[in-house]
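What follows is the content of final_35.txt, which has compact mmCIF, C-alpha atoms:
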# COMPACT_ATOMS: atom_id res chain seq x y z
CA MET Y 1 31.78 127.30 98.92
CA ARG Y 2 31.13 125.89 95.48
CA LEU Y 3 33.68 127.38 93.10
CA ILE Y 4 34.80 127.50 89.50
CA PHE Y 5 38.54 128.02 89.13
CA ALA Y 6 39.90 129.59 85.94
CA GLY Y 7 43.68 129.49 85.54
CA THR Y 8 46.44 128.07 83.37
CA PRO Y 9 50.15 128.52 84.30
CA GLU Y 10 52.25 127.76 87.36
CA PHE Y 11 51.26 131.09 88.94
CA ALA Y 12 47.70 129.79 89.40
CA VAL Y 13 48.61 126.40 90.90
CA PRO Y 14 49.14 127.51 94.55
CA ALA Y 15 45.75 129.23 94.54
CA LEU Y 16 43.91 126.13 93.32
CA ALA Y 17 45.80 123.95 95.80
CA ALA Y 18 45.01 126.33 98.66
CA LEU Y 19 41.30 126.46 97.82
CA ILE Y 20 41.15 122.67 97.73
CA ALA Y 21 43.00 122.44 101.05
CA ALA Y 22 40.64 125.01 102.60
CA GLY Y 23 37.72 122.68 101.93
CA HIS Y 24 36.00 124.49 99.10
CA GLU Y 25 34.23 122.41 96.48
CA ILE Y 26 35.80 123.02 93.08
CA ALA Y 27 32.94 122.21 90.74
CA LEU Y 28 34.87 122.97 87.55
CA VAL Y 29 38.31 124.08 86.41
CA LEU Y 30 38.66 126.23 83.30
CA THR Y 31 42.09 126.17 81.70
CA GLN Y 32 43.51 126.77 78.24
CA PRO Y 33 43.66 123.89 75.74
CA ASP Y 34 46.69 121.59 75.76
CA ARG Y 35 49.55 123.13 73.75
CA PRO Y 36 52.56 121.62 71.93
CA ALA Y 37 55.68 121.78 74.10
CA GLY Y 38 59.18 120.32 74.36
CA ARG Y 39 61.49 119.03 71.66
CA GLY Y 40 58.88 116.63 70.33
CA MET Y 41 56.19 119.32 70.41
CA LYS Y 42 53.76 116.90 71.98
CA LEU Y 43 50.55 118.26 73.47
CA LYS Y 44 51.08 119.18 77.11
CA ALA Y 45 48.45 119.88 79.74
CA SER Y 46 48.63 123.15 81.67
CA PRO Y 47 49.94 123.00 85.26
CA VAL Y 48 46.44 123.84 86.51
CA LYS Y 49 44.91 120.98 84.54
CA GLU Y 50 47.47 118.54 85.92
CA LEU Y 51 46.59 119.52 89.50
CA ALA Y 52 42.86 119.38 88.81
CA LEU Y 53 43.12 115.87 87.38
CA GLN Y 54 45.13 114.73 90.39
CA HIS Y 55 42.15 115.70 92.54
CA GLY Y 56 39.51 114.30 90.21
CA ILE Y 57 38.11 117.73 89.35
CA ALA Y 58 36.23 118.23 86.08
CA VAL Y 59 38.25 120.24 83.54
CA TYR Y 60 36.87 122.40 80.71
CA GLN Y 61 39.22 123.73 78.00
CA PRO Y 62 37.37 125.92 75.49
CA GLU Y 63 39.34 127.70 72.77
CA SER Y 64 37.09 130.71 73.33
CA LEU Y 65 34.14 131.77 75.48
CA LYS Y 66 32.68 134.19 72.96
CA ILE Y 67 29.73 132.01 71.90
CA SER Y 68 26.87 131.13 74.22
CA GLU Y 69 27.22 127.37 73.62
CA SER Y 70 30.60 127.46 75.34
CA HIS Y 71 28.95 128.74 78.53
CA VAL Y 72 26.90 125.60 79.18
CA PRO Y 73 29.43 123.76 81.42
CA ILE Y 74 29.92 126.96 83.44
CA ILE Y 75 26.18 127.35 83.95
CA GLU Y 76 25.80 123.69 84.89
CA ALA Y 77 28.53 124.03 87.55
CA GLN Y 78 26.15 126.23 89.60
CA ALA Y 79 29.03 127.98 91.34
CA ASP Y 80 28.86 130.60 94.07
CA VAL Y 81 32.03 132.34 92.87
CA MET Y 82 34.50 132.03 89.99
CA ILE Y 83 38.16 132.49 90.96
CA VAL Y 84 40.44 133.70 88.15
CA ALA Y 85 44.24 133.52 88.19
CA ALA Y 86 46.20 134.04 84.97
CA TYR Y 87 43.60 132.21 82.90
CA GLY Y 88 44.57 133.80 79.59
CA LEU Y 89 41.16 133.97 77.88
CA ILE Y 90 38.76 136.90 77.81
CA LEU Y 91 35.71 136.33 80.00
CA PRO Y 92 32.63 137.93 78.38
CA GLN Y 93 30.12 139.70 80.59
CA ALA Y 94 27.69 136.82 80.08
CA VAL Y 95 30.23 134.51 81.75
CA LEU Y 96 30.98 136.96 84.56
CA ASP Y 97 27.26 137.04 85.36
CA ILE Y 98 26.93 133.26 85.77
CA PRO Y 99 28.39 132.64 89.28
CA ARG Y 100 25.92 133.58 92.03
CA PHE Y 101 28.27 136.08 93.71
CA GLY Y 102 30.42 137.06 90.73
CA CYS Y 103 34.11 136.58 89.90
CA LEU Y 104 37.32 137.43 91.74
CA ASN Y 105 40.77 137.75 90.18
CA ILE Y 106 44.29 137.36 91.60
CA HIS Y 107 46.53 140.01 90.00
CA ALA Y 108 50.28 140.20 90.63
CA SER Y 109 50.63 143.93 91.33
CA LEU Y 110 49.47 146.63 93.69
CA LEU Y 111 46.66 148.00 91.57
CA PRO Y 112 46.05 150.44 90.02
CA ARG Y 113 49.79 150.31 89.30
CA TRP Y 114 50.74 147.81 86.60
CA ARG Y 115 47.56 146.58 85.04
CA GLY Y 116 48.21 144.15 82.20
CA ALA Y 117 50.37 141.25 81.08
CA ALA Y 118 53.79 141.64 82.79
CA PRO Y 119 53.27 143.40 86.13
CA ILE Y 120 56.10 141.65 88.00
CA GLN Y 121 58.74 142.48 85.40
CA ARG Y 122 57.58 146.06 84.83
CA ALA Y 123 57.65 146.76 88.56
CA MET Y 124 61.23 145.53 88.74
CA LEU Y 125 62.33 147.44 85.65
CA ALA Y 126 60.81 150.63 87.06
CA ASN Y 127 62.81 150.23 90.29
CA ASP Y 128 59.65 150.00 92.39
CA ALA Y 129 60.49 149.44 96.05
CA GLU Y 130 57.61 147.01 96.46
CA THR Y 131 55.01 145.03 94.59
CA GLY Y 132 52.36 142.57 95.67
CA VAL Y 133 49.02 140.99 94.89
CA THR Y 134 45.57 142.48 94.54
CA VAL Y 135 42.38 140.44 94.80
CA MET Y 136 39.80 142.31 92.77
CA LYS Y 137 36.36 141.96 91.30
CA VAL Y 138 36.44 141.01 87.63
CA VAL Y 139 34.93 143.50 85.19
CA MET Y 140 35.16 143.74 81.42
CA ALA Y 141 37.84 146.48 81.49
CA LEU Y 142 41.45 145.27 81.90
CA ASP Y 143 42.28 144.74 85.59
CA ALA Y 144 39.96 147.62 86.49
CA GLY Y 145 37.63 146.05 89.07
CA ASP Y 146 37.17 147.14 92.68
CA MET Y 147 39.99 146.01 94.98
CA VAL Y 148 38.95 143.60 97.73
CA ARG Y 149 42.28 142.70 99.36
CA LYS Y 150 45.99 143.46 98.97
CA GLY Y 151 49.31 141.99 100.09
CA VAL Y 152 52.67 143.74 99.79
CA VAL Y 153 56.17 142.33 99.10
CA SER Y 154 59.41 144.32 99.03
CA ILE Y 155 61.62 144.05 95.92
CA THR Y 156 65.28 143.45 96.76
CA GLU Y 157 68.45 143.31 94.70
CA ASP Y 158 68.42 139.53 95.05
CA ASP Y 159 64.99 139.10 93.46
CA THR Y 160 64.54 137.81 89.95
CA ALA Y 161 61.21 137.79 88.15
CA GLN Y 162 61.03 134.02 88.69
CA GLY Y 163 61.62 134.32 92.40
CA MET Y 164 59.12 137.14 92.76
CA HIS Y 165 56.60 135.18 90.68
CA ASP Y 166 56.86 132.31 93.14
CA LYS Y 167 56.45 134.58 96.17
CA LEU Y 168 53.42 136.32 94.72
CA ALA Y 169 51.77 133.06 93.64
CA VAL Y 170 51.81 131.86 97.25
CA LEU Y 171 50.72 135.27 98.56
CA GLY Y 172 47.82 135.36 96.08
CA ALA Y 173 46.68 131.92 97.20
CA ASP Y 174 46.69 133.00 100.86
CA LEU Y 175 44.83 136.23 100.10
CA MET Y 176 42.13 134.42 98.14
CA VAL Y 177 41.53 131.91 100.94
CA GLU Y 178 41.28 134.82 103.40
CA THR Y 179 38.90 136.68 101.10
CA LEU Y 180 36.49 133.76 100.85
CA ARG Y 181 36.79 133.06 104.58
CA ASP Y 182 35.73 136.63 105.35
CA MET Y 183 33.00 136.76 102.71
CA PRO Y 184 29.80 138.24 104.18
CA ALA Y 185 26.62 136.20 104.23
CA THR Y 186 25.17 138.45 101.55
CA GLY Y 187 27.90 137.35 99.14
CA VAL Y 188 28.69 140.99 98.38
CA PHE Y 189 32.43 141.61 98.57
CA ALA Y 190 33.31 145.07 99.83
CA GLY Y 191 35.81 146.60 97.42
CA ALA Y 192 37.54 149.94 96.94
CA PRO Y 193 37.44 151.50 93.48
CA GLN Y 194 40.75 152.08 91.73
CA ASP Y 195 42.05 155.61 91.29
CA GLU Y 196 42.21 155.98 87.52
CA SER Y 197 44.73 158.83 87.82
CA LEU Y 198 47.28 156.36 89.22
CA VAL Y 199 46.91 153.68 86.54
CA THR Y 200 50.01 152.34 84.77
CA TYR Y 201 50.11 149.51 82.24
CA ALA Y 202 52.49 146.55 82.16
CA SER Y 203 52.93 145.73 78.50
CA LYS Y 204 53.85 142.21 77.41
CA LEU Y 205 57.58 141.43 77.35
CA ALA Y 206 59.24 141.23 73.94
CA LYS Y 207 62.44 139.43 72.94
CA SER Y 208 63.56 142.68 71.33
CA GLU Y 209 64.00 144.11 74.84
CA ALA Y 210 66.59 141.47 75.80
CA PRO Y 211 69.90 143.04 74.56
CA LEU Y 212 71.89 144.99 77.13
CA ASP Y 213 72.88 148.54 76.19
CA TRP Y 214 76.21 149.15 77.89
CA SER Y 215 75.83 152.92 77.61
CA ARG Y 216 73.06 152.78 80.21
CA PRO Y 217 73.70 152.91 83.98
CA ALA Y 218 74.72 149.63 85.60
CA ALA Y 219 71.79 149.84 88.04
CA GLU Y 220 69.32 149.82 85.14
CA LEU Y 221 71.05 146.88 83.46
CA ALA Y 222 71.05 144.88 86.70
CA ARG Y 223 67.30 145.39 87.01
CA GLN Y 224 66.87 144.37 83.36
CA VAL Y 225 68.80 141.14 83.96
CA ARG Y 226 66.79 140.25 87.05
CA ALA Y 227 63.44 141.20 85.51
CA PHE Y 228 64.12 139.15 82.36
CA ASN Y 229 64.98 135.98 84.29
CA PRO Y 230 63.51 133.54 83.19
CA PHE Y 231 62.08 135.29 80.07
CA PRO Y 232 63.19 136.65 77.68
CA VAL Y 233 66.63 136.53 79.41
CA ALA Y 234 68.98 139.48 78.99
CA GLN Y 235 71.53 139.13 76.20
CA ALA Y 236 75.01 140.46 75.55
CA THR Y 237 77.10 139.94 72.42
CA PHE Y 238 80.75 138.93 72.74
CA ALA Y 239 82.89 138.20 69.69
CA GLY Y 240 79.72 137.75 67.66
CA GLU Y 241 78.14 135.27 70.10
CA GLN Y 242 74.87 135.96 71.88
CA TRP Y 243 75.41 135.24 75.57
CA ARG Y 244 72.48 134.94 77.95
CA ILE Y 245 72.95 136.87 81.19
CA TRP Y 246 70.99 135.24 84.03
CA PHE Y 247 72.08 137.25 87.05
CA ALA Y 248 74.08 140.41 87.64
CA ARG Y 249 74.56 143.16 90.19
CA ALA Y 250 75.39 146.84 89.88
CA MET Y 251 78.60 148.12 91.46
CA PRO Y 252 79.85 151.68 91.93
CA ARG Y 253 83.33 150.79 90.63
CA ALA Y 254 84.34 153.10 87.78
CA GLY Y 255 86.77 152.87 84.89
CA GLY Y 256 86.78 151.67 81.32
CA THR Y 257 84.43 152.52 78.50
CA PRO Y 258 80.94 151.02 78.08
CA GLY Y 259 81.15 147.31 77.26
CA GLU Y 260 84.78 146.93 78.38
CA ILE Y 261 85.72 144.12 80.78
CA ILE Y 262 87.52 145.75 83.73
CA GLY Y 263 87.78 142.77 86.07
CA VAL Y 264 87.40 138.99 86.21
CA GLU Y 265 88.15 138.28 89.88
CA ASN Y 266 84.72 137.99 91.47
CA GLY Y 267 82.40 137.80 88.51
CA ILE Y 268 82.81 139.44 85.11
CA LEU Y 269 82.96 143.20 85.65
CA VAL Y 270 81.80 145.27 82.68
CA ALA Y 271 81.95 149.06 82.45
CA CYS Y 272 78.64 150.80 81.79
CA GLY Y 273 77.47 154.33 81.12
CA SER Y 274 77.80 154.80 84.87
CA GLY Y 275 78.94 152.21 87.38
CA THR Y 276 79.90 148.62 86.64
CA LEU Y 277 77.83 145.52 85.99
CA CYS Y 278 79.06 142.41 87.78
CA ILE Y 279 77.85 139.39 85.81
CA GLU Y 280 77.45 136.44 88.19
CA GLU Y 281 75.63 133.87 86.05
CA LEU Y 282 75.62 133.46 82.27
CA GLN Y 283 75.40 131.03 79.35
CA ARG Y 284 77.01 130.67 75.93
CA PRO Y 285 75.04 129.37 72.91
CA GLY Y 286 74.60 125.62 73.26
CA GLY Y 287 76.25 125.65 76.69
CA LYS Y 288 75.03 125.25 80.23
CA ARG Y 289 73.92 128.04 82.51
CA LEU Y 290 76.97 128.63 84.75
CA LYS Y 291 78.17 130.72 87.64
CA ALA Y 292 80.82 133.22 86.52
CA ARG Y 293 83.64 131.30 88.23
CA GLU Y 294 82.73 128.08 86.37
CA PHE Y 295 82.25 130.01 83.12
CA LEU Y 296 85.71 131.60 83.38
CA ALA Y 297 87.29 128.20 84.05
CA GLY Y 298 86.18 127.12 80.59
CA MET Y 299 86.62 130.39 78.75
CA ALA Y 300 89.39 132.75 79.77
CA LEU Y 301 88.48 136.42 79.60
CA SER Y 302 90.89 139.25 80.26
CA VAL Y 303 90.73 142.87 81.24
CA GLY Y 304 90.46 145.10 78.19
CA GLN Y 305 88.34 142.75 76.11
CA ARG Y 306 84.99 144.18 75.07
CA PHE Y 307 81.41 143.19 74.62
CA ASP Y 308 79.93 144.34 71.33
CA THR Y 309 78.03 147.61 71.65
In structure tokens, write the structure found in this file.
Amino acid sequence: MRLIFAGTPEFAVPALAALIAAGHEIALVLTQPDRPAGRGMKLKASPVKELALQHGIAVYQPESLKISESHVPIIEAQADVMIVAAYGLILPQAVLDIPRFGCLNIHASLLPRWRGAAPIQRAMLANDAETGVTVMKVVMALDAGDMVRKGVVSITEDDTAQGMHDKLAVLGADLMVETLRDMPATGVFAGAPQDESLVTYASKLAKSEAPLDWSRPAAELARQVRAFNPFPVAQATFAGEQWRIWFARAMPRAGGTPGEIIGVENGILVACGSGTLCIEELQRPGGKRLKAREFLAGMALSVGQRFDT
């Protein structure tokens, strides 16, 4: 098929790669404009743009698609379908109407649960047993289109948001290839409407959510740590320093008051409102991200010391 692909971050890269490998003609890639990045704040191309250029695919980077003049390259692409994966710009109805058979989106949740910006993290924070990917028709309302295909992934205590992101990116790519493979000759994708009574929204993550509250149950804090890896990264304050907590597990062990260190044998054990948080990977300001054993070799902690509450 002749496609337009609209995507920007790493999450979208496996889908574009899979569509290329499946033999589809990518007539145009839409991605966000190059942004300043790194210490030198030099302009950096999006991961999707980098892949597109490697394959000699035309790239279009409008700041907005609100004015009709910005639609010209999309019209000229004469695409059968537009595939959208974490593009980051609003697609007006006039743009959605351009591809011959419409637009399909790869969304990292089991819709209608977790529409919005941070579905992976919100699913983990809510202690959902599973998440997944939904391929849906794109409509003007946020993630509200008919569902064409779904794939499910269990959430385990070893999963971080980064790891789950990578799993779902690959799953979304596979589902999109399957969707186009099974597309009927009419070009009309059969989709199931979403049950509006089951809708939940995944609000954007904020840095203000990063601090750990030791009065909460250890199980909740462990989910917070895993869900906030790699952003915004959970934080704990010790002797006035903001430490970044990259990985932790909940343990049933009791004792101590919230924020108190009750063990340093296998990880840093911290008492919580209920249960104990075992910190396994962390980082001091200006330091490297370290496993707890390495961290303790450079900074001795002892039972009875406390994190700030």
Original post:
Can you tell me, as number ranges by chain, which residues sit within 7 Å of (80.9, 139.7, 80.3) in the file's frame, using only C-alpha atoms?
Top reply: Y: 261, 268-270, 279, 307
Original post:
Which of these residues is nearest to Ala108 in chain Y, using only C-alpha atoms: Y:Ala202, Y:Ile4, Y:Leu91, Y:Leu53?
Top reply: Y:Ala202
Subject >> Long-range neighbours of range 25-38 of chain Y as a ChimeraX atom specification, 8 Å cut-off, all atoms listed in the file, 6 positions minimum in chain >> reply: /Y:1-8,44-46,48-49,52,57-63,74,77-79,87-89
**OP:** Take CA of His107 in chain Y and CA of Val133 in chain Y and report the distance between them in Å, one decimal.
**Re:**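 Separation between CA of His107 in chain Y and CA of Val133 in chain Y: 5.6 Å.
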Original post:
Which residues come within 12 Å of Asp146 in chain Y, counting all atoms listed in the file, excluding same-chain residues fewer than 6 positions away, as a list of chain:residue names?
Top reply: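 Once the adjacent positions are removed, what remains is Y:Cys103, Y:Leu104, Y:Asn105, Y:Leu111, Y:Pro112, Y:Thr134, Y:Val135, Y:Met136, Y:Lys137, Y:Val138, Y:Val139, Y:Met140, Y:Val188, Y:Phe189, Y:Ala190, Y:Gly191, Y:Ala192, Y:Pro193, Y:Gln194, Y:Asp195, Y:Glu196.
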Could you write out that same residue set with C-alpha atoms as a CSV table (one decimal), keeping the file's coordinate frame?
chain,number,residue,atom,x,y,z
Y,103,CYS,CA,34.1,136.6,89.9
Y,104,LEU,CA,37.3,137.4,91.7
Y,105,ASN,CA,40.8,137.8,90.2
Y,111,LEU,CA,46.7,148.0,91.6
Y,112,PRO,CA,46.0,150.4,90.0
Y,134,THR,CA,45.6,142.5,94.5
Y,135,VAL,CA,42.4,140.4,94.8
Y,136,MET,CA,39.8,142.3,92.8
Y,137,LYS,CA,36.4,142.0,91.3
Y,138,VAL,CA,36.4,141.0,87.6
Y,139,VAL,CA,34.9,143.5,85.2
Y,140,MET,CA,35.2,143.7,81.4
Y,188,VAL,CA,28.7,141.0,98.4
Y,189,PHE,CA,32.4,141.6,98.6
Y,190,ALA,CA,33.3,145.1,99.8
Y,191,GLY,CA,35.8,146.6,97.4
Y,192,ALA,CA,37.5,149.9,96.9
Y,193,PRO,CA,37.4,151.5,93.5
Y,194,GLN,CA,40.8,152.1,91.7
Y,195,ASP,CA,42.0,155.6,91.3
Y,196,GLU,CA,42.2,156.0,87.5
Subject >> Y:Leu43, Y:Leu212, Y:Met299, Y:Ala85 ranked by distance to Val225 in chain Y, top pick (using all atoms listed in the file) >> reply: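 The shortest atom-to-atom distance to Val225 in chain Y comes from Y:Leu212.
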Would you mind writing range 182-193 of chain Y with N, CA and C atoms, as a short mmCIF file (atom, residue, chain, number, x, y, z; two decimals), keeping the file's coordinate frame?
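Listing of part.cif after writing:
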data_model
loop_
_atom_site.label_atom_id
_atom_site.label_comp_id
_atom_site.auth_asym_id
_atom_site.auth_seq_id
_atom_site.Cartn_x
_atom_site.Cartn_y
_atom_site.Cartn_z
N ASP Y 182 36.36 135.44 104.78
CA ASP Y 182 35.73 136.63 105.35
C ASP Y 182 34.54 137.13 104.54
N MET Y 183 34.12 136.35 103.56
CA MET Y 183 33.00 136.76 102.71
C MET Y 183 31.72 136.92 103.54
N PRO Y 184 31.04 138.05 103.42
CA PRO Y 184 29.80 138.24 104.18
C PRO Y 184 28.69 137.32 103.71
N ALA Y 185 27.72 137.12 104.55
CA ALA Y 185 26.62 136.20 104.23
C ALA Y 185 25.86 136.64 102.99
N THR Y 186 25.88 137.93 102.73
CA THR Y 186 25.17 138.45 101.55
C THR Y 186 25.86 138.07 100.25
N GLY Y 187 27.14 137.67 100.34
CA GLY Y 187 27.90 137.35 99.14
C GLY Y 187 28.42 138.57 98.42
N VAL Y 188 28.23 139.75 99.01
CA VAL Y 188 28.69 140.99 98.38
C VAL Y 188 30.06 141.35 98.95
N PHE Y 189 31.08 141.28 98.12
CA PHE Y 189 32.43 141.61 98.57
C PHE Y 189 32.61 143.12 98.60
N ALA Y 190 33.03 143.64 99.74
CA ALA Y 190 33.31 145.07 99.83
C ALA Y 190 34.61 145.36 99.12
N GLY Y 191 34.60 146.28 98.18
CA GLY Y 191 35.81 146.60 97.42
C GLY Y 191 35.98 148.09 97.25
N ALA Y 192 37.23 148.52 97.15
CA ALA Y 192 37.54 149.94 96.94
C ALA Y 192 37.79 150.18 95.46
N PRO Y 193 37.19 151.20 94.89
CA PRO Y 193 37.44 151.50 93.48
C PRO Y 193 38.88 151.94 93.26
#
